[in-house]
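Peer 1: Please find one structure pasted underneath; my questions will follow.
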Amino acid sequence: DMNKMPTFHDRKKLMGGIREYGDRLSKDPAIEVFKLVGTAMMGDFTNRVGGLPVRNFSAGQLVTASQGPLRLGGDHIRERNLSRGGLTSHGCMPGCMIECSNVYVDDKGQEIVSPLEYETLVMMGSNCGLDDPDDVARLNAVANDLGVDTIETGTTLSVLMEAGLGAFGDVPFMMGALEDIRRGT
């Protein structure tokens, strides 16, 4: 019966299961990496295996290992954010047990956006020809303010760039397009 309130024993059993699940998560090596590096770690992996969306999916790697670290990847972002005083791990919502979210800050320690995550780094970043997480974070903050999805918006921007309406890597073009959304033009 959906209208019946759970009994004390039902709630106690449920909470025991939640505690057990949390304990298992805290001991899982993959979850530990997500907590340390965040979802941006997926960028390091997908770039290495050639599956990173780059310039509207025209390439699978933004940089090779011999060219240095992927600046849009988890390792680089963690180091940069820590050196600036940013928060590299916190729950995205009350009760989050993985804590792969972050608060990304600028070189003065001021918050740019929270969180800066893999999907945004890829679709508004590498897929649009960007390689600096600061640029992606600023675009992410504007997209958040507008209430638009960064995956869909980044994809749209990359199509506009490939069509010649802007150049890949052109942050002012991308900001201008976001301001066009704000104005409804």
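Each chain of the structure tokens is named A, B, ... in the order shown, its residues numbered from 1; ligands are numbered from 1 in display order.
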Just want the 12 Å neighbourhood of A:Thr64, counted on only C-alpha atoms, with same-chain residues fewer than 2 positions away dropped. Output as a CSV table (one decimal) with N, CA, C and O atoms, in the first residue's frame.

Peer 2:
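Okay, this is what ended up in selection-v9.csv:
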```csv
chain,number,residue,atom,x,y,z
A,44,ASP,N,40.8,12.9,-19.0
A,44,ASP,CA,42.2,12.3,-19.1
A,44,ASP,C,42.1,10.9,-19.8
A,44,ASP,O,42.9,10.7,-20.8
A,45,PHE,N,41.1,10.1,-19.4
A,45,PHE,CA,41.0,8.8,-20.0
A,45,PHE,C,40.5,8.9,-21.5
A,45,PHE,O,41.1,8.2,-22.3
A,46,THR,N,39.5,9.6,-21.7
A,46,THR,CA,39.0,9.6,-23.1
A,46,THR,C,40.0,10.3,-24.1
A,46,THR,O,40.0,9.9,-25.2
A,47,ASN,N,40.7,11.3,-23.6
A,47,ASN,CA,41.8,11.8,-24.5
A,47,ASN,C,42.8,10.8,-24.8
A,47,ASN,O,43.3,10.6,-25.9
A,48,ARG,N,43.2,10.0,-23.8
A,48,ARG,CA,44.3,9.0,-24.0
A,48,ARG,C,43.9,7.9,-24.9
A,48,ARG,O,44.7,7.5,-25.7
A,49,VAL,N,42.6,7.5,-24.9
A,49,VAL,CA,42.2,6.4,-25.8
A,49,VAL,C,41.6,6.9,-27.1
A,49,VAL,O,41.2,6.1,-27.9
A,50,GLY,N,41.7,8.2,-27.3
A,50,GLY,CA,41.3,8.8,-28.6
A,50,GLY,C,39.8,9.0,-28.8
A,50,GLY,O,39.3,9.1,-29.9
A,52,LEU,N,38.0,11.6,-27.1
A,52,LEU,CA,37.6,12.9,-26.6
A,52,LEU,C,37.0,13.7,-27.7
A,52,LEU,O,37.6,13.8,-28.8
A,59,ALA,N,38.2,15.2,-34.2
A,59,ALA,CA,39.4,14.5,-33.6
A,59,ALA,C,39.0,13.9,-32.3
A,59,ALA,O,38.0,14.2,-31.7
A,60,GLY,N,39.9,12.9,-31.8
A,60,GLY,CA,39.6,12.2,-30.6
A,60,GLY,C,40.6,12.5,-29.5
A,60,GLY,O,40.5,12.1,-28.4
A,61,GLN,N,41.6,13.4,-29.8
A,61,GLN,CA,42.6,13.8,-28.8
A,61,GLN,C,42.8,15.3,-29.0
A,61,GLN,O,43.0,15.8,-30.1
A,62,LEU,N,42.9,15.9,-27.8
A,62,LEU,CA,43.3,17.4,-27.8
A,62,LEU,C,44.8,17.5,-27.7
A,62,LEU,O,45.4,18.4,-28.4
A,66,SER,N,53.0,13.1,-25.3
A,66,SER,CA,54.2,13.8,-25.5
A,66,SER,C,54.1,15.3,-25.5
A,66,SER,O,55.1,16.0,-25.3
A,67,GLN,N,52.9,15.8,-25.7
A,67,GLN,CA,52.7,17.2,-25.7
A,67,GLN,C,52.4,17.8,-24.4
A,67,GLN,O,52.3,19.0,-24.2
A,68,GLY,N,52.2,16.9,-23.4
A,68,GLY,CA,52.0,17.4,-22.0
A,68,GLY,C,50.6,17.0,-21.5
A,68,GLY,O,49.9,16.3,-22.2
A,69,PRO,N,50.2,17.5,-20.4
A,69,PRO,CA,49.0,17.1,-19.8
A,69,PRO,C,47.8,17.7,-20.5
A,69,PRO,O,47.9,18.8,-21.1
A,70,LEU,N,46.7,17.0,-20.4
A,70,LEU,CA,45.4,17.6,-20.9
A,70,LEU,C,45.0,18.6,-19.9
A,70,LEU,O,44.6,18.3,-18.7
A,71,ARG,N,45.0,19.9,-20.2
A,71,ARG,CA,44.6,20.9,-19.3
A,71,ARG,C,43.1,20.9,-18.9
A,71,ARG,O,42.8,21.4,-17.9
```

Peer 1: What lies within 12 Å of A:Gly22 using only C-alpha atoms, ignoring chain neighbours under 6 positions off, as a compact mmCIF listing (two decimals) with N, CA, C and O atoms, in the first residue's frame?

Peer 2:
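What ended up in result34.txt:
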```
# COMPACT_ATOMS: atom_id res chain seq x y z
N MET A 15 17.71 2.59 6.68
CA MET A 15 18.89 3.37 7.07
C MET A 15 20.12 2.47 7.19
O MET A 15 21.22 2.88 6.83
N GLY A 16 19.94 1.25 7.65
CA GLY A 16 21.06 0.31 7.72
C GLY A 16 21.60 0.01 6.34
O GLY A 16 22.81 -0.06 6.13
N ASP A 28 35.61 1.92 -2.20
CA ASP A 28 35.77 1.59 -3.62
C ASP A 28 36.85 2.48 -4.25
O ASP A 28 36.77 3.70 -4.16
N ILE A 31 35.58 5.23 -6.64
CA ILE A 31 34.94 6.34 -5.94
C ILE A 31 35.99 7.23 -5.29
O ILE A 31 35.87 8.46 -5.29
N GLY A 95 23.41 14.75 1.13
CA GLY A 95 23.38 13.30 1.11
C GLY A 95 24.28 12.65 0.08
O GLY A 95 24.42 11.43 0.05
N CYS A 96 24.93 13.44 -0.78
CA CYS A 96 25.83 12.87 -1.79
C CYS A 96 26.98 12.16 -1.09
O CYS A 96 27.66 12.74 -0.25
N MET A 97 27.21 10.91 -1.44
CA MET A 97 28.26 10.12 -0.79
C MET A 97 29.53 10.05 -1.63
O MET A 97 30.57 9.62 -1.14
N ILE A 98 29.48 10.44 -2.88
CA ILE A 98 30.65 10.32 -3.76
C ILE A 98 31.51 11.59 -3.69
O ILE A 98 32.72 11.52 -3.65
N GLU A 99 30.89 12.74 -3.66
CA GLU A 99 31.56 14.03 -3.51
C GLU A 99 32.57 14.30 -4.63
O GLU A 99 33.70 14.70 -4.38
```

Peer 1: Which residues, written as a list in words, have at least one atom at most 8 Å from stretch 134-145 of chain A, with only C-alpha atoms counted and residues fewer than 3 positions away on the same chain left out?

Peer 2: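 Everything that qualifies: Tyr104, Asp106, Ile112, Val113, Leu116, Thr120, Leu121, Met124, Gly125, Leu130, Val148, Asp149, Thr150, Val171, Met174, Met175 and Leu178 of chain A.
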
Peer 1: Could you go through stretch 26-82 of chain A and tell me which residues DSSP, when run on the backbone, assigns to helix (DSSP H, G or I), listing them as an MDAnalysis selection string?

Peer 2: chainID A and resid 26:27 29:37 41:48 65:67 74:82

Peer 1: Can you pull out the residues contacting A:Ser58? Cut-off 12 Å, using only C-alpha atoms, and skip same-chain residues under 3 positions away; I want them as a list in words.

Peer 2: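 Here the answer would be Gly50, Gly51, Leu52, Pro53, Val54, Arg55, Gln61, Leu62, Ser126, Asn127, Cys128, Gly129, Ser158, Val159, Glu162 and Phe168 of chain A.
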
Peer 1: Can you work out which one of A:Lys27, A:Arg182, A:Arg78, A:Arg84 has the shortest atom-to-atom distance to A:Ser101, counting only C-alpha atoms?

Peer 2: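 For A:Ser101, the nearest of the given residues is A:Arg78.
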
Peer 1: Determine, counting only C-alpha atoms, which protein, DNA and RNA residues have an atom within 8 Å of an atom of A:Cys100; residues of the same chain fewer than 2 positions away are not included. Present the result as number ranges by chain.

Peer 2: A: 34-39, 88-92, 98, 102

Peer 1: From a DSSP pass on the backbone, collect the residues of stretch 14-177 of chain A flagged as strand (DSSP E) and hand them back as a list in words.

Peer 2: Leu87, Thr88, Ser89, His90, Ser101, Asn102, Val103, Tyr104, Val105, Glu111, Ile112 and Val113 of chain A

Peer 1: Keeping only N, CA and C atoms, write the selected residues to a file as a compact mmCIF listing (two decimals), in the first residue's frame.

Peer 2:
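The result, written out as again13.txt:
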```txt
# COMPACT_ATOMS: atom_id res chain seq x y z
N LEU A 87 37.96 24.38 -3.96
CA LEU A 87 37.48 23.18 -3.29
C LEU A 87 37.41 22.07 -4.33
N THR A 88 38.14 20.99 -4.09
CA THR A 88 38.21 19.93 -5.09
C THR A 88 37.24 18.78 -4.85
N SER A 89 36.57 18.76 -3.72
CA SER A 89 35.64 17.68 -3.45
C SER A 89 34.55 18.15 -2.50
N HIS A 90 33.33 18.00 -2.93
CA HIS A 90 32.19 18.21 -2.04
C HIS A 90 30.97 17.57 -2.66
N SER A 101 32.06 16.59 -6.92
CA SER A 101 31.84 17.96 -7.36
C SER A 101 32.98 18.85 -6.87
N ASN A 102 33.08 20.05 -7.44
CA ASN A 102 34.14 20.97 -7.05
C ASN A 102 33.62 22.41 -7.04
N VAL A 103 34.42 23.30 -6.49
CA VAL A 103 34.21 24.73 -6.60
C VAL A 103 35.47 25.26 -7.28
N TYR A 104 35.34 25.65 -8.54
CA TYR A 104 36.49 26.06 -9.34
C TYR A 104 36.68 27.56 -9.20
N VAL A 105 37.93 27.95 -8.87
CA VAL A 105 38.22 29.35 -8.59
C VAL A 105 39.25 29.91 -9.58
N GLU A 111 35.51 32.29 -6.66
CA GLU A 111 34.74 31.27 -7.37
C GLU A 111 34.33 31.75 -8.75
N ILE A 112 34.58 30.88 -9.74
CA ILE A 112 34.06 31.12 -11.09
C ILE A 112 32.78 30.33 -11.26
N VAL A 113 32.83 29.04 -10.92
CA VAL A 113 31.67 28.17 -11.12
C VAL A 113 31.77 26.95 -10.21
```

Peer 1: Give the answer as one residue: which of A:Ile77, A:Ile181, A:Leu146, A:Ala30 has the shortest atom-to-atom distance to A:Gly43, using only C-alpha atoms?

Peer 2: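 Closest to A:Gly43, using only C-alpha atoms: A:Ile77.
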
Peer 1: Could you check how far atom CA of A:Ile151 sits from atom CA of A:Gly109, in Å to one decimal?

Peer 2: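 Value for the atom CA of A:Ile151-atom CA of A:Gly109 distance: 26.4 Å.
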
Peer 1: Grab the atom CA of A:Glu152 to atom CA of A:Asn56 distance for me, in Å with one decimal place.

Peer 2: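 The value is 12.2 Å.
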